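Listing of work_22.cif; format and content: mmCIF, C-alpha atoms.
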data_run
loop_
_atom_site.group_PDB
_atom_site.id
_atom_site.type_symbol
_atom_site.label_atom_id
_atom_site.label_comp_id
_atom_site.auth_asym_id
_atom_site.auth_seq_id
_atom_site.Cartn_x
_atom_site.Cartn_y
_atom_site.Cartn_z
ATOM 1 C CA MET A 109 41.198 -103.910 -147.039
ATOM 2 C CA VAL A 110 41.229 -107.409 -148.497
ATOM 3 C CA THR A 111 39.146 -109.804 -146.428
ATOM 4 C CA GLN A 112 40.305 -113.271 -145.472
ATOM 5 C CA GLU A 113 37.697 -114.781 -147.802
ATOM 6 C CA GLN A 114 38.872 -112.609 -150.722
ATOM 7 C CA ARG A 115 42.475 -113.609 -150.007
ATOM 8 C CA LYS A 116 41.483 -117.303 -150.054
ATOM 9 C CA ARG A 117 39.817 -116.860 -153.426
ATOM 10 C CA GLN A 118 42.844 -115.017 -154.794
ATOM 11 C CA LEU A 119 45.218 -117.757 -153.611
ATOM 12 C CA ALA A 120 43.012 -120.472 -155.094
ATOM 13 C CA ARG A 121 42.883 -118.686 -158.451
ATOM 14 C CA GLU A 122 46.675 -118.114 -158.438
ATOM 15 C CA LYS A 123 47.254 -121.796 -157.662
ATOM 16 C CA PHE A 124 45.005 -122.869 -160.537
ATOM 17 C CA LEU A 125 46.735 -120.490 -162.957
ATOM 18 C CA ARG A 126 50.179 -121.735 -161.843
ATOM 19 C CA GLN A 127 49.075 -125.288 -162.593
ATOM 20 C CA GLN A 128 47.972 -124.217 -166.065
ATOM 21 C CA GLN A 129 51.301 -122.436 -166.669
ATOM 22 C CA ARG A 130 53.317 -125.483 -165.529
ATOM 23 C CA ARG A 131 51.322 -127.715 -167.822
ATOM 24 C CA THR A 132 51.882 -125.372 -170.775
ATOM 25 C CA ALA A 133 55.624 -125.332 -170.105
ATOM 26 C CA ALA A 134 55.703 -129.140 -169.890
ATOM 27 C CA ARG A 135 53.851 -129.457 -173.207
ATOM 28 C CA ARG A 136 56.329 -127.090 -174.903
ATOM 29 C CA LYS A 137 59.271 -129.107 -173.580
ATOM 30 C CA ALA A 138 57.676 -132.345 -174.781
ATOM 31 C CA ARG A 139 57.037 -130.909 -178.234
ATOM 32 C CA ALA A 140 60.656 -129.769 -178.506
ATOM 33 C CA ARG A 141 61.876 -133.238 -177.510
ATOM 34 C CA ASN A 142 59.534 -134.960 -179.932
ATOM 35 C CA SER A 143 60.678 -132.656 -182.727
ATOM 36 C CA VAL A 144 64.291 -133.769 -182.231
ATOM 37 C CA ILE A 145 63.278 -137.449 -182.152
ATOM 38 C CA ALA A 146 61.259 -137.019 -185.318
ATOM 39 C CA SER A 147 64.269 -135.474 -187.083
ATOM 40 C CA VAL A 148 66.515 -138.400 -186.171
ATOM 41 C CA LEU A 149 63.974 -141.012 -187.196
ATOM 42 C CA GLY A 150 63.478 -139.212 -190.489
ATOM 43 C CA VAL A 151 66.998 -140.206 -191.517
ATOM 44 C CA ILE A 152 66.287 -143.938 -191.361
ATOM 45 C CA LEU A 153 62.580 -144.190 -191.901
ATOM 46 C CA ILE A 154 60.651 -143.794 -195.129
ATOM 47 C CA GLY A 155 57.692 -141.425 -194.972
ATOM 48 C CA SER A 156 56.854 -138.313 -193.049
ATOM 49 C CA MET A 157 55.402 -137.360 -189.714
ATOM 50 C CA ALA A 158 52.800 -134.657 -189.095
ATOM 51 C CA LEU A 159 53.949 -132.309 -186.348
ATOM 52 C CA TYR A 160 51.645 -131.159 -183.616
ATOM 53 C CA THR A 161 50.929 -127.411 -183.542
ATOM 54 C CA THR A 162 49.399 -125.401 -180.739
ATOM 55 C CA GLY A 163 46.693 -122.787 -180.938
ATOM 56 C CA VAL A 164 43.278 -122.831 -182.539
ATOM 57 C CA LEU A 165 43.292 -124.847 -185.745
ATOM 58 C CA LYS A 166 41.942 -123.128 -188.822
ATOM 59 C CA ASP A 167 39.742 -124.727 -191.466
ATOM 60 C CA ASP A 168 42.755 -125.564 -193.646
ATOM 61 C CA ASP A 169 44.425 -127.555 -190.831
ATOM 62 C CA LYS A 170 42.168 -130.611 -191.141
ATOM 63 C CA ALA A 171 45.105 -132.956 -191.733
ATOM 64 C CA SER A 172 46.801 -131.876 -188.504
ATOM 65 C CA ALA A 173 43.561 -132.228 -186.547
ATOM 66 C CA SER A 174 43.073 -135.749 -187.902
ATOM 67 C CA THR A 175 46.638 -136.746 -186.995
ATOM 68 C CA GLU A 176 46.266 -135.376 -183.480
ATOM 69 C CA ALA A 177 42.977 -137.142 -182.916
ATOM 70 C CA SER A 178 44.450 -140.444 -184.133
ATOM 71 C CA THR A 179 47.496 -140.054 -181.890
ATOM 72 C CA ALA A 180 45.361 -139.234 -178.841
ATOM 73 C CA ALA A 181 43.185 -142.276 -179.438
ATOM 74 C CA SER A 182 45.984 -144.781 -180.038
ATOM 75 C CA PRO A 183 47.469 -147.097 -177.363
ATOM 76 C CA SER A 184 50.862 -145.392 -177.787
ATOM 77 C CA ALA A 185 49.452 -142.269 -176.146
ATOM 78 C CA SER A 186 49.370 -144.232 -172.889
ATOM 79 C CA ALA A 187 52.972 -145.425 -173.043
ATOM 80 C CA THR A 188 53.792 -143.857 -169.664
ATOM 81 C CA SER A 189 50.676 -145.215 -167.950
ATOM 82 C CA LYS A 190 51.236 -146.927 -164.601
ATOM 83 C CA ALA A 191 47.852 -148.630 -164.827
ATOM 84 C CA PRO A 192 46.065 -150.457 -167.642
ATOM 85 C CA ASP A 193 44.190 -148.183 -170.002
ATOM 86 C CA PRO A 194 40.515 -148.631 -169.035
ATOM 87 C CA CYS A 195 39.181 -147.232 -172.307
ATOM 88 C CA GLU A 196 38.333 -148.597 -175.743
ATOM 89 C CA LYS A 197 39.535 -147.629 -179.199
ATOM 90 C CA ALA A 198 38.023 -144.402 -180.515
ATOM 91 C CA ALA A 199 35.329 -144.480 -183.174
ATOM 92 C CA ALA A 200 36.422 -143.612 -186.700
ATOM 93 C CA GLY A 201 36.079 -139.951 -187.583
ATOM 94 C CA LYS A 202 37.789 -136.583 -187.680
ATOM 95 C CA VAL A 203 37.681 -133.645 -185.315
ATOM 96 C CA LYS A 204 35.887 -130.662 -186.832
ATOM 97 C CA THR A 205 37.676 -127.324 -186.965
ATOM 98 C CA ALA A 206 34.840 -124.893 -187.701
ATOM 99 C CA THR A 207 34.605 -121.706 -185.640
ATOM 100 C CA TRP A 208 32.020 -118.960 -185.389
ATOM 101 C CA LYS A 209 32.375 -115.213 -184.885
ATOM 102 C CA LYS A 210 29.620 -114.734 -182.331
ATOM 103 C CA GLU A 211 27.598 -116.587 -179.749
ATOM 104 C CA PRO A 212 24.693 -118.527 -181.293
ATOM 105 C CA THR A 213 21.171 -117.125 -181.154
ATOM 106 C CA MET A 214 19.139 -118.375 -178.202
ATOM 107 C CA THR A 215 17.061 -121.325 -179.425
ATOM 108 C CA ILE A 216 16.537 -123.449 -176.304
ATOM 109 C CA ASP A 217 13.484 -123.390 -174.072
ATOM 110 C CA LYS A 218 14.831 -121.858 -170.873
ATOM 111 C CA SER A 219 12.122 -123.513 -168.786
ATOM 112 C CA ALA A 220 12.736 -127.028 -170.148
ATOM 113 C CA LYS A 221 15.098 -129.748 -168.945
ATOM 114 C CA TYR A 222 18.068 -130.725 -171.108
ATOM 115 C CA THR A 223 20.612 -133.513 -170.825
ATOM 116 C CA LEU A 224 24.140 -133.623 -172.229
ATOM 117 C CA LYS A 225 25.311 -137.112 -173.154
ATOM 118 C CA LEU A 226 29.012 -137.732 -173.723
ATOM 119 C CA ALA A 227 29.556 -141.089 -175.408
ATOM 120 C CA THR A 228 33.259 -141.553 -174.663
ATOM 121 C CA THR A 229 35.755 -144.339 -175.242
ATOM 122 C CA CYS A 230 35.661 -144.948 -171.490
ATOM 123 C CA GLY A 231 31.894 -145.116 -171.116
ATOM 124 C CA GLU A 232 28.827 -142.889 -171.211
ATOM 125 C CA ILE A 233 28.689 -139.741 -169.101
ATOM 126 C CA ASP A 234 25.236 -138.174 -168.703
ATOM 127 C CA VAL A 235 24.929 -134.622 -167.421
ATOM 128 C CA ALA A 236 21.713 -132.967 -166.232
ATOM 129 C CA LEU A 237 22.010 -129.375 -167.457
ATOM 130 C CA LYS A 238 21.031 -126.328 -165.377
ATOM 131 C CA THR A 239 19.078 -124.662 -168.160
ATOM 132 C CA SER A 240 17.310 -121.868 -166.300
ATOM 133 C CA ALA A 241 20.398 -120.959 -164.245
ATOM 134 C CA ALA A 242 22.868 -121.031 -167.165
ATOM 135 C CA PRO A 243 20.847 -120.535 -170.382
ATOM 136 C CA HIS A 244 23.685 -119.054 -172.466
ATOM 137 C CA THR A 245 25.964 -121.969 -171.591
ATOM 138 C CA VAL A 246 23.329 -124.630 -172.242
ATOM 139 C CA ASN A 247 22.294 -122.946 -175.498
ATOM 140 C CA SER A 248 25.934 -122.880 -176.631
ATOM 141 C CA PHE A 249 26.378 -126.586 -175.859
ATOM 142 C CA ASN A 250 23.162 -127.398 -177.672
ATOM 143 C CA PHE A 251 24.449 -125.494 -180.717
ATOM 144 C CA LEU A 252 27.969 -126.976 -180.684
ATOM 145 C CA ALA A 253 26.786 -130.534 -180.069
ATOM 146 C CA GLY A 254 24.374 -130.163 -182.976
ATOM 147 C CA LYS A 255 27.287 -129.147 -185.199
ATOM 148 C CA GLY A 256 29.357 -132.160 -184.109
ATOM 149 C CA PHE A 257 31.953 -129.805 -182.603
ATOM 150 C CA PHE A 258 32.865 -132.111 -179.703
ATOM 151 C CA ASP A 259 32.787 -135.367 -181.681
ATOM 152 C CA HIS A 260 36.120 -137.245 -181.856
ATOM 153 C CA SER A 261 37.828 -134.712 -179.573
ATOM 154 C CA SER A 262 40.136 -135.815 -176.751
ATOM 155 C CA CYS A 263 39.805 -134.795 -173.121
ATOM 156 C CA HIS A 264 43.221 -133.184 -172.858
ATOM 157 C CA ARG A 265 43.794 -132.531 -169.162
ATOM 158 C CA LEU A 266 43.514 -134.425 -165.878
ATOM 159 C CA THR A 267 44.453 -132.931 -162.526
ATOM 160 C CA THR A 268 45.011 -135.241 -159.570
ATOM 161 C CA SER A 269 46.485 -132.847 -157.027
ATOM 162 C CA GLY A 270 45.024 -129.701 -155.496
ATOM 163 C CA ILE A 271 41.970 -129.833 -157.730
ATOM 164 C CA TYR A 272 40.426 -132.959 -159.186
ATOM 165 C CA VAL A 273 39.010 -132.442 -162.653
ATOM 166 C CA LEU A 274 38.972 -133.834 -166.177
ATOM 167 C CA GLN A 275 39.003 -131.077 -168.809
ATOM 168 C CA CYS A 276 37.480 -131.530 -172.264
ATOM 169 C CA GLY A 277 35.916 -129.536 -175.071
ATOM 170 C CA ASP A 278 39.001 -128.433 -177.010
ATOM 171 C CA PRO A 279 39.066 -129.907 -180.534
ATOM 172 C CA THR A 280 42.775 -129.125 -180.812
ATOM 173 C CA ALA A 281 43.591 -130.929 -177.510
ATOM 174 C CA SER A 282 46.130 -128.162 -176.855
ATOM 175 C CA GLY A 283 44.294 -126.307 -174.108
ATOM 176 C CA SER A 284 43.892 -123.212 -176.281
ATOM 177 C CA GLY A 285 41.150 -124.242 -178.740
ATOM 178 C CA GLY A 286 37.585 -123.022 -178.803
ATOM 179 C CA PRO A 287 34.544 -122.203 -180.932
ATOM 180 C CA GLY A 288 35.694 -118.722 -181.927
ATOM 181 C CA TYR A 289 33.249 -116.923 -179.626
ATOM 182 C CA THR A 290 32.885 -116.476 -175.880
ATOM 183 C CA ILE A 291 29.871 -116.673 -173.595
ATOM 184 C CA PRO A 292 29.099 -114.805 -170.368
ATOM 185 C CA ASP A 293 29.688 -116.249 -166.918
ATOM 186 C CA GLU A 294 26.524 -117.557 -165.297
ATOM 187 C CA ASN A 295 25.249 -119.155 -162.098
ATOM 188 C CA LEU A 296 28.319 -118.190 -160.047
ATOM 189 C CA LYS A 297 26.198 -118.087 -156.892
ATOM 190 C CA ASP A 298 24.860 -121.611 -157.366
ATOM 191 C CA LYS A 299 23.719 -123.057 -154.051
ATOM 192 C CA SER A 300 25.972 -126.084 -154.605
ATOM 193 C CA LEU A 301 29.097 -123.914 -154.333
ATOM 194 C CA LYS A 302 29.890 -123.605 -150.639
ATOM 195 C CA ASP A 303 33.160 -122.381 -149.127
ATOM 196 C CA ASN A 304 34.716 -122.126 -152.602
ATOM 197 C CA ILE A 305 34.221 -125.847 -153.187
ATOM 198 C CA TYR A 306 33.082 -127.252 -156.521
ATOM 199 C CA PRO A 307 31.590 -130.552 -155.348
ATOM 200 C CA ALA A 308 32.183 -133.887 -157.045
ATOM 201 C CA GLY A 309 29.748 -134.348 -159.911
ATOM 202 C CA THR A 310 29.849 -130.709 -161.008
ATOM 203 C CA VAL A 311 30.386 -129.777 -164.660
ATOM 204 C CA ALA A 312 31.659 -126.230 -165.135
ATOM 205 C CA MET A 313 33.113 -123.994 -167.826
ATOM 206 C CA ALA A 314 36.843 -123.404 -168.100
ATOM 207 C CA ASN A 315 38.028 -119.873 -168.879
ATOM 208 C CA THR A 316 41.168 -117.764 -169.211
ATOM 209 C CA GLY A 317 40.960 -116.430 -165.669
ATOM 210 C CA GLN A 318 39.111 -113.342 -166.860
ATOM 211 C CA ALA A 319 35.383 -112.721 -166.677
ATOM 212 C CA ASP A 320 33.132 -113.843 -169.542
ATOM 213 C CA THR A 321 35.825 -115.791 -171.434
ATOM 214 C CA GLY A 322 34.183 -119.222 -171.546
ATOM 215 C CA GLY A 323 34.086 -120.933 -174.926
ATOM 216 C CA SER A 324 33.766 -124.679 -175.413
ATOM 217 C CA GLN A 325 36.187 -126.073 -172.836
ATOM 218 C CA PHE A 326 34.655 -127.508 -169.694
ATOM 219 C CA PHE A 327 35.718 -129.596 -166.727
ATOM 220 C CA LEU A 328 34.133 -132.485 -164.854
ATOM 221 C CA VAL A 329 34.809 -132.635 -161.124
ATOM 222 C CA TYR A 330 35.412 -136.168 -159.802
ATOM 223 C CA GLN A 331 36.335 -135.117 -156.241
ATOM 224 C CA ASP A 332 35.489 -131.990 -154.241
ATOM 225 C CA SER A 333 37.820 -129.221 -155.474
ATOM 226 C CA GLN A 334 38.563 -125.808 -154.017
ATOM 227 C CA LEU A 335 38.325 -123.120 -156.678
ATOM 228 C CA PRO A 336 37.211 -119.511 -156.736
ATOM 229 C CA PRO A 337 33.540 -119.266 -157.799
ATOM 230 C CA SER A 338 34.353 -117.855 -161.225
ATOM 231 C CA TYR A 339 33.704 -120.924 -163.388
ATOM 232 C CA THR A 340 30.104 -121.325 -164.562
ATOM 233 C CA PRO A 341 28.588 -124.485 -163.017
ATOM 234 C CA PHE A 342 26.075 -125.688 -165.592
ATOM 235 C CA GLY A 343 25.471 -129.383 -165.005
ATOM 236 C CA THR A 344 25.495 -132.371 -162.659
ATOM 237 C CA ILE A 345 26.917 -135.774 -163.608
ATOM 238 C CA SER A 346 24.780 -138.886 -163.172
ATOM 239 C CA GLU A 347 25.788 -141.666 -160.784
ATOM 240 C CA SER A 348 26.780 -143.959 -163.656
ATOM 241 C CA GLY A 349 28.710 -141.097 -165.262
ATOM 242 C CA MET A 350 30.663 -140.578 -162.039
ATOM 243 C CA LYS A 351 31.794 -144.215 -162.132
ATOM 244 C CA VAL A 352 33.196 -143.622 -165.613
ATOM 245 C CA LEU A 353 34.872 -140.390 -164.514
ATOM 246 C CA LYS A 354 36.494 -142.001 -161.484
ATOM 247 C CA LYS A 355 37.749 -144.859 -163.664
ATOM 248 C CA ILE A 356 39.474 -142.292 -165.873
ATOM 249 C CA ALA A 357 40.961 -140.500 -162.856
ATOM 250 C CA ALA A 358 42.233 -143.762 -161.358
ATOM 251 C CA ALA A 359 44.426 -144.317 -164.433
ATOM 252 C CA GLY A 360 46.303 -141.099 -163.616
ATOM 253 C CA GLU A 361 47.996 -138.525 -165.810
ATOM 254 C CA ASN A 362 51.192 -138.669 -167.853
ATOM 255 C CA THR A 363 53.491 -136.285 -165.971
ATOM 256 C CA GLY A 364 53.348 -137.810 -162.505
ATOM 257 C CA ALA A 365 53.156 -134.256 -161.157
ATOM 258 C CA GLY A 366 49.398 -134.175 -160.779
ATOM 259 C CA ASP A 367 48.496 -132.194 -163.901
ATOM 260 C CA GLY A 368 48.813 -133.553 -167.418
ATOM 261 C CA THR A 369 47.246 -135.552 -170.212
ATOM 262 C CA PRO A 370 45.099 -138.465 -168.965
ATOM 263 C CA ASN A 371 46.736 -141.870 -169.219
ATOM 264 C CA ALA A 372 43.324 -143.182 -170.226
ATOM 265 C CA THR A 373 42.567 -142.525 -173.894
ATOM 266 C CA VAL A 374 39.509 -140.365 -173.276
ATOM 267 C CA VAL A 375 37.885 -139.452 -176.589
ATOM 268 C CA ILE A 376 34.357 -138.100 -176.976
ATOM 269 C CA ASN A 377 32.998 -140.209 -179.812
ATOM 270 C CA LYS A 378 29.707 -138.315 -179.810
ATOM 271 C CA ALA A 379 28.163 -135.489 -177.785
ATOM 272 C CA THR A 380 24.428 -134.881 -177.836
ATOM 273 C CA VAL A 381 22.062 -132.507 -176.050
ATOM 274 C CA THR A 382 18.461 -133.628 -175.711
ATOM 275 C CA LYS A 383 15.343 -131.939 -174.374
ATOM 276 C CA SER A 384 13.227 -133.898 -171.920
#

Would you put the structure from the file into structure tokens?
Amino acid sequence: MVTQEQRKRQLAREKFLRQQQRRTAARRKARARNSVIASVLGVILIGSMALYTTGVLKDDDKASASTEASTAASPSASATSKAPDPCEKAAAGKVKTATWKKEPTMTIDKSAKYTLKLATTCGEIDVALKTSAAPHTVNSFNFLAGKGFFDHSSCHRLTTSGIYVLQCGDPTASGSGGPGYTIPDENLKDKSLKDNIYPAGTVAMANTGQADTGGSQFFLVYQDSQLPPSYTPFGTISESGMKVLKKIAAAGENTGAGDGTPNATVVINKATVTKS
């Protein structure tokens, strides 16, 4: 027999997955519309336009990655914003497209303290990492940050209804990108997770809805959010970082439906992991 608590978790998971599916459908519709517009403009304008493609970008897709990063960082990306864009222009640079076949070898000191610093166009977000509770996750972030994997990438998703998170970590900004490998779920019984609530200030791994499918995408919780405890919580945002996060959330998202691309031009100029 399914318990009431299990049913609550199932409903929360189904709601989250439905939100992801609606967002994917909206992105496909937008791409189709933009493709038609691009065709019409091509008749009267000189030059060409790089088309956005979904999925994980390969090493030979550097031009597309550069175009996408430039588009995400430009003021035109906020054309539908109902509030002023609170963020600055992105630093010059290209998103990297390297991937790896397997999880990196453990190199961190599991007993030490580490901090993730996200220098974004909207301000600095510092995250105290839960090294001993989520060593695989912290080690992966240490590896990817060292490779510049997150640098110049856009935070591609903001939810403002049901759950309240900013999602980042996908160099393709499509929602389907990653490092090429997956890491195991960790710390799912963290004492901070009570009654299926991920409290404000939590940083956790995104996944496909299946166990052990985390990669590089992660979400930052700016308001208590009800979710099943199946997303690795691996860090806590500083007080100053929360102010930045709430500023981003206050600008809203581009669909008006509560789940879309942030109106704020959130680009991670540089991500670093440091040992303290």

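Among A:Ala253, A:Ser262, A:Asp293, A:Phe327, the residue with the shortest atom-to-atom distance to A:Pro370, counting all atoms listed in the file, is A:Ser262.
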
Separation of atom CA of A:Pro336 and atom CA of A:Val374, in Å? 26.7 Å

Can you give me, as a compact mmCIF listing (two decimals) with C-alpha atoms, keeping the file's coordinate frame, the residues this file yields under the PyMOL selection byres ((chain A and resi 209) around 9)?
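Listed below is the output, expr.txt:
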# COMPACT_ATOMS: atom_id res chain seq x y z
CA THR A 207 34.60 -121.71 -185.64
CA TRP A 208 32.02 -118.96 -185.39
CA LYS A 210 29.62 -114.73 -182.33
CA GLU A 211 27.60 -116.59 -179.75
CA PRO A 287 34.54 -122.20 -180.93
CA GLY A 288 35.69 -118.72 -181.93
CA TYR A 289 33.25 -116.92 -179.63

Within 8 Å of A:Tyr272, counting all atoms listed in the file, which residues qualify if same-chain residues fewer than 4 places away don't, as a PyMOL selection string? chain A and resi 266-268+329-333

Export, as a PDB file, keeping the file's coordinate frame, the selected residues with C-alpha atoms.
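This is the output file out.pdb:
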ATOM      1  CA  LEU A 266      43.514-134.425-165.878  1.00  0.00           C
ATOM      2  CA  THR A 267      44.453-132.931-162.526  1.00  0.00           C
ATOM      3  CA  THR A 268      45.011-135.241-159.570  1.00  0.00           C
ATOM      4  CA  VAL A 329      34.809-132.635-161.124  1.00  0.00           C
ATOM      5  CA  TYR A 330      35.412-136.168-159.802  1.00  0.00           C
ATOM      6  CA  GLN A 331      36.335-135.117-156.241  1.00  0.00           C
ATOM      7  CA  ASP A 332      35.489-131.990-154.241  1.00  0.00           C
ATOM      8  CA  SER A 333      37.820-129.221-155.474  1.00  0.00           C
TER       9      SER A 333
END

Within 7 Å of stretch 344-356 of chain A, counting all atoms listed in the file, which residues qualify if same-chain residues fewer than 3 places away don't, as an MDAnalysis selection string? chainID A and resid 230:237 309:311 330 359 372

Using C-alpha atoms, can you write the selected residues to a file as a compact mmCIF listing (two decimals), keeping the file's coordinate frame?
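Contents of result-v4.txt, as written:
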# COMPACT_ATOMS: atom_id res chain seq x y z
CA CYS A 230 35.66 -144.95 -171.49
CA GLY A 231 31.89 -145.12 -171.12
CA GLU A 232 28.83 -142.89 -171.21
CA ILE A 233 28.69 -139.74 -169.10
CA ASP A 234 25.24 -138.17 -168.70
CA VAL A 235 24.93 -134.62 -167.42
CA ALA A 236 21.71 -132.97 -166.23
CA LEU A 237 22.01 -129.38 -167.46
CA GLY A 309 29.75 -134.35 -159.91
CA THR A 310 29.85 -130.71 -161.01
CA VAL A 311 30.39 -129.78 -164.66
CA TYR A 330 35.41 -136.17 -159.80
CA ALA A 359 44.43 -144.32 -164.43
CA ALA A 372 43.32 -143.18 -170.23

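Minimum atom-to-atom distances from A:Val273, A:Ala319, A:Leu226, A:Leu328 to A:Asp367 were compared using all atoms listed in the file, and the lowest value belongs to A:Val273.
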
Care to translate the PyMOL selection byres ((chain A and resi 314) around 7) into actual residues of this file, as an NGL selection string? :A and (312-313 or 315 or 322 or 325-327 or 339)

Using the chain letters and numbers from the file, which residues does the PyMOL selection byres ((chain A and resi 375-383) around 10) grab, as a count of residues only? 56

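The gap separating atom CA of A:Ala206 from atom CA of A:Gly285 is 11.0 Å, in Å to one decimal.
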
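Taking all atoms listed in the file into account, A:Ser219 lies nearest to A:Pro243 out of the set A:Gly270, A:Pro194, A:Pro279, A:Pro243.
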
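Counting from atom CA of A:Thr321, the distance to atom CA of A:Leu301 is 20.1 Å.
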
Neighbours of A:Asn362 within 6 Å (only C-alpha atoms; same-chain residues fewer than 5 positions away dropped), as JSON, numbers by chain? {"A": [368, 369, 371]}

For stretch 192-211 of chain A, what centre and edge lengths in Å (one decimal) does the axis-aligned box get once 5 Å is added on each side of all its listed atoms, as JSON?
{"center_x": 36.8, "center_y": -132.6, "center_z": -177.7, "size_x": 28.5, "size_y": 45.7, "size_z": 30.1}
